[in-house]
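Data block below; observations after.
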Amino acid sequence: MSSQNYVKIFDTTLRDGEQSPGCSMNLAEKLRVAEQLEALGVDIIEAGFAIASEGDFEAVQAVARQAKRATVASLARAATGDIDRAWAALKDAKNPRIHTFIATSPLHMRVKLEMEPEAVLEKIRASVSHARNLCPDVEWSAEDATRSDPDFLCRAVETAIRAGATTINLPDTVGYATPETYGAMFRDVISRVSNADQAIFSTHCHNDLGLAVANTLAAVAGGARQVESTINGIGERAGNAALEEIAMALRVRHDVMPFDTGVETREITRASRLVSAVTGFQVQPNKAIVGANAFAHESGIHQDGMLKDASTYEIMTPESVGLSESSLVMGKHSGRHAFRQKLEELGYKLGDNEFQDAFKRFKDLADAKKHVYDEDIIALVDDETMRDNQAIQFKELEIYCGSHGPQRAILTLEVDGEEQTVTTRGNGPVDAVFKAMRKIVPHDDAQLTLYEVHAVTEGTDAQATVSVVLAEDGRTVRGTGAHVDTMVASAKAYANALNKLIVKRGRSELPAVARTGN
Ligand code: KIV
Ligand code: ZN
């Protein structure tokens, strides 16, 4: 679609979203999310920050190779080494994009970059032209645009476009803008910059004041035709603008915001659940569009209205965001064929071995649990497929617990292919399990900062999903696990967090920009 009113959706769940404290995804998880983002119809997937670590590079490269239709972008600072690394990761993509940035606000230039404004302009020119010599699609971002001097911002944008940038992003990096000021900034820059018609303008909003989506929509009204956002609004600090909220606002209020996107909105719920499963960040119940209560009606007056005509209290249908009634799937007598059909309906395409594993786990679950719902199947498959190729694998757990402590855990893990079993005592079963984890995989510097249990469905036989957060030297990671036995789910969640910690330890700390440029 190339109409004047088409707004490109740039998803940065795998880059800015992954920068959320406690968030990290492994390669298999990123590939699953990227696949779902394509099903959702996003135009651009920002797959990572290639120079940040070997793992980030591999992830960008793998997403670039996997993507069938979407453009794949990698972030790069305004330095030759960053841009070369981004290009090396992207070059096999059908549609690659280098996304390079530098700060333009007086505060960032002085304190963080320690550079004079003229030197920043020179760096923009050099970095964008270097990127453009490698790749025909180059995005340039003015970090902290909303606190930049408007005249300097216009000069910076003009320089970037002249050097070959095809997209200009003006981020509200610290979530400081209001809808009026942000919309006005786009109008101002687009009208003042002489070569503005040679680039697409993009929004990128953080949610520190809870205004990220409102600001994004104001920027679109002000001339932006690309919006950067994340699934469930995950991201640095208070998060980024939520993709699902922008897409539904543009759809439901098309009367006052006549803009189109390529989003297949019925894929929203699936994308939200997948990102939540992969990151361990549960969606708050009252979250717009994807919260558990977004389509729930409890008060008598509302229920009465709903029964007469759903539009009395619903401005969009649950089906339009891909939400179906919780359906009873099958029981223990259901066969392979029905299970495969259900998986396909839920959007999973498993290979033969994965399918056999999933079917076995489904049978075990159906033995333990009377009713198996869609949510159960999703938790079961996500839980297992996310664990492929991890160094630490949960194997077995036995627990002795009750009113007479100390409680005891016998835990078996596979670490780098080798099974290890230990017995530990603890102050309660969770303590015993987590001590066993520490005994097999020592990690003295990491603290457990959160332990959370949620039920996947209703009923006492529901599966539990457990989230744990570990913090070590300023890094935080969140692991999740699902099982009908809460202790097994806890052990899986802890092992998942440890695996993520290993990934994060390998990630380099990046300075703002290499001052010499390379
Ligand atoms: O928030 C921000 O400014 C960013 C840029 C790097 C695009 O994430
Ligand atoms: Zn950002």
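Every chain in the structure tokens takes a letter, A first, then B, and so on in the order presented; its residues are numbered from 1, and the ligands are numbered from 1 following the presented order.
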With the cut-off set at 8 Å and counting only C-alpha atoms and all ligand atoms, tabulate each residue of chain A with an atom at most that distance from an atom of ligand 1, showing the nearest atom pair and its distance in Å to one decimal, ordered by chain and increasing number, as a tab-separated table.
```
residue	atom	partner	partner_atom_place_in_ligand_line	distance
A:Asp16	CA	ligand 1	8 (O)	5.9
A:Leu75	CA	ligand 1	6 (C)	7.2
A:Thr100	CA	ligand 1	6 (C)	7.8
A:Phe101	CA	ligand 1	6 (C)	5.9
A:Ile102	CA	ligand 1	6 (C)	7.7
A:Ala103	CA	ligand 1	3 (O)	8.0
A:Ser141	CA	ligand 1	7 (C)	5.5
A:Ala142	CA	ligand 1	3 (O)	7.1
A:Glu143	CA	ligand 1	3 (O)	4.3
A:Asp144	CA	ligand 1	3 (O)	5.7
A:Ala145	CA	ligand 1	3 (O)	7.8
A:Asn169	CA	ligand 1	7 (C)	7.1
A:Leu170	CA	ligand 1	3 (O)	7.9
A:Pro171	CA	ligand 1	3 (O)	4.9
A:Asp172	CA	ligand 1	1 (O)	6.3
A:Thr173	CA	ligand 1	1 (O)	3.7
A:Val174	CA	ligand 1	1 (O)	6.9
A:His204	CA	ligand 1	1 (O)	6.5
A:Cys205	CA	ligand 1	1 (O)	6.9
A:His206	CA	ligand 1	1 (O)	6.7
```
Could you dump the residues just selected with N, CA, C and O atoms as an mmCIF file, in the first residue's frame?
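Contents of result_35.cif, freshly written:
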```
data_model
loop_
_atom_site.group_PDB
_atom_site.id
_atom_site.type_symbol
_atom_site.label_atom_id
_atom_site.label_comp_id
_atom_site.auth_asym_id
_atom_site.auth_seq_id
_atom_site.Cartn_x
_atom_site.Cartn_y
_atom_site.Cartn_z
ATOM 1 N N ASP A 16 13.922 -2.385 21.365
ATOM 2 C CA ASP A 16 13.637 -1.511 22.505
ATOM 3 C C ASP A 16 12.843 -2.288 23.565
ATOM 4 O O ASP A 16 13.043 -2.116 24.767
ATOM 5 N N LEU A 75 19.661 -1.756 14.849
ATOM 6 C CA LEU A 75 20.085 -0.463 15.364
ATOM 7 C C LEU A 75 21.616 -0.374 15.285
ATOM 8 O O LEU A 75 22.316 -1.396 15.382
ATOM 9 N N THR A 100 20.340 4.053 12.192
ATOM 10 C CA THR A 100 21.430 4.660 12.957
ATOM 11 C C THR A 100 20.929 5.903 13.694
ATOM 12 O O THR A 100 19.989 6.543 13.247
ATOM 13 N N PHE A 101 21.531 6.180 14.833
ATOM 14 C CA PHE A 101 21.023 7.289 15.657
ATOM 15 C C PHE A 101 22.155 8.024 16.353
ATOM 16 O O PHE A 101 23.243 7.471 16.563
ATOM 17 N N ILE A 102 21.851 9.258 16.708
ATOM 18 C CA ILE A 102 22.738 10.018 17.607
ATOM 19 C C ILE A 102 21.868 11.056 18.310
ATOM 20 O O ILE A 102 20.842 11.494 17.767
ATOM 21 N N ALA A 103 22.283 11.442 19.513
ATOM 22 C CA ALA A 103 21.485 12.398 20.275
ATOM 23 C C ALA A 103 21.661 13.815 19.732
ATOM 24 O O ALA A 103 22.754 14.195 19.289
ATOM 25 N N SER A 141 17.738 8.398 13.443
ATOM 26 C CA SER A 141 16.973 8.873 14.596
ATOM 27 C C SER A 141 17.730 9.952 15.330
ATOM 28 O O SER A 141 18.935 9.823 15.588
ATOM 29 N N ALA A 142 16.985 10.993 15.710
ATOM 30 C CA ALA A 142 17.530 12.086 16.529
ATOM 31 C C ALA A 142 17.173 11.760 17.982
ATOM 32 O O ALA A 142 16.081 12.101 18.454
ATOM 33 N N GLU A 143 18.072 11.065 18.664
ATOM 34 C CA GLU A 143 17.746 10.682 20.041
ATOM 35 C C GLU A 143 17.459 11.928 20.886
ATOM 36 O O GLU A 143 18.138 12.943 20.753
ATOM 37 N N ASP A 144 16.443 11.841 21.725
ATOM 38 C CA ASP A 144 16.021 12.964 22.580
ATOM 39 C C ASP A 144 15.559 14.161 21.750
ATOM 40 O O ASP A 144 15.761 15.328 22.141
ATOM 41 N N ALA A 145 14.905 13.857 20.617
ATOM 42 C CA ALA A 145 14.458 14.932 19.708
ATOM 43 C C ALA A 145 13.565 15.935 20.431
ATOM 44 O O ALA A 145 13.627 17.138 20.173
ATOM 45 N N ASN A 169 13.392 9.548 12.081
ATOM 46 C CA ASN A 169 12.642 9.258 13.311
ATOM 47 C C ASN A 169 12.935 10.349 14.343
ATOM 48 O O ASN A 169 14.100 10.685 14.577
ATOM 49 N N LEU A 170 11.866 10.877 14.937
ATOM 50 C CA LEU A 170 12.040 11.936 15.947
ATOM 51 C C LEU A 170 11.526 11.402 17.287
ATOM 52 O O LEU A 170 10.368 11.633 17.667
ATOM 53 N N PRO A 171 12.355 10.694 18.031
ATOM 54 C CA PRO A 171 11.864 10.011 19.231
ATOM 55 C C PRO A 171 11.630 10.933 20.427
ATOM 56 O O PRO A 171 12.355 11.908 20.615
ATOM 57 N N ASP A 172 10.635 10.558 21.194
ATOM 58 C CA ASP A 172 10.445 11.168 22.516
ATOM 59 C C ASP A 172 11.113 10.190 23.491
ATOM 60 O O ASP A 172 10.455 9.416 24.187
ATOM 61 N N THR A 173 12.421 10.236 23.502
ATOM 62 C CA THR A 173 13.238 9.231 24.186
ATOM 63 C C THR A 173 12.912 9.093 25.672
ATOM 64 O O THR A 173 12.952 7.995 26.231
ATOM 65 N N VAL A 174 12.602 10.225 26.302
ATOM 66 C CA VAL A 174 12.390 10.179 27.753
ATOM 67 C C VAL A 174 10.917 10.353 28.137
ATOM 68 O O VAL A 174 10.589 10.581 29.301
ATOM 69 N N HIS A 204 8.397 7.752 17.714
ATOM 70 C CA HIS A 204 8.945 6.724 18.609
ATOM 71 C C HIS A 204 8.742 7.279 20.022
ATOM 72 O O HIS A 204 9.444 8.204 20.431
ATOM 73 N N CYS A 205 7.759 6.748 20.731
ATOM 74 C CA CYS A 205 7.376 7.371 22.006
ATOM 75 C C CYS A 205 7.556 6.442 23.189
ATOM 76 O O CYS A 205 7.183 5.266 23.134
ATOM 77 N N HIS A 206 8.092 7.001 24.256
ATOM 78 C CA HIS A 206 8.173 6.265 25.528
ATOM 79 C C HIS A 206 7.065 6.754 26.449
ATOM 80 O O HIS A 206 6.532 7.854 26.294
#
```
**Message:** Give me the residues near Leu107 (chain A) as a ChimeraX atom specification, where near means some atom within 12 Å (using only C-alpha atoms) and where sequence neighbours in that chain fewer than 5 positions away do not count.
**Reply:** /A:112-117,143-149
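Residue nearest Gly164 (chain A), chosen from A:Gly183, A:Gly223, A:Pro136, A:Pro318 and counting only C-alpha atoms: A:Pro136.
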**Prompt:** Hey, what's within 10 Å of region 92-96 of chain A if we count only C-alpha atoms and toss same-chain stuff fewer than 3 positions away? As a PyMOL selection string, please?
**Reply:** chain A and resi 44-45+60-74+86-89+99+135-138
**Asked** Which residue gives the smallest distance to ligand 2 among A:Glu472, A:Glu46, A:Glu38, A:Glu458, with only C-alpha atoms and all ligand atoms counted?
**Response**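 Using only C-alpha atoms and all ligand atoms, the shortest distance to ligand 2 belongs to A:Glu46.
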**Complete:** Between A:Asp260, A:Glu54, A:Asp208, A:Asp84, smallest distance to ligand 2 by only C-alpha atoms and all ligand atoms belongs to A:Asp208
**Request:** Quick one: pull the distance between CA of Val441 (chain A) and CA of Gly22 (chain A), Å, one decimal.
**Result:** 19.8 Å
**Asked** Which one of A:Pro406, A:Val372, A:Thr80, A:Val227 sits closest to ligand 2 if you count only C-alpha atoms and all ligand atoms?
**Response**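 Among the listed residues, the smallest separation from ligand 2 belongs to A:Val227.
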**Asked** Per DSSP on the backbone, what are the helix (DSSP H, G or I) residues of region 247-304 of chain A, as a PyMOL selection string?
**Response** chain A and resi 247-252+265-279+300-304
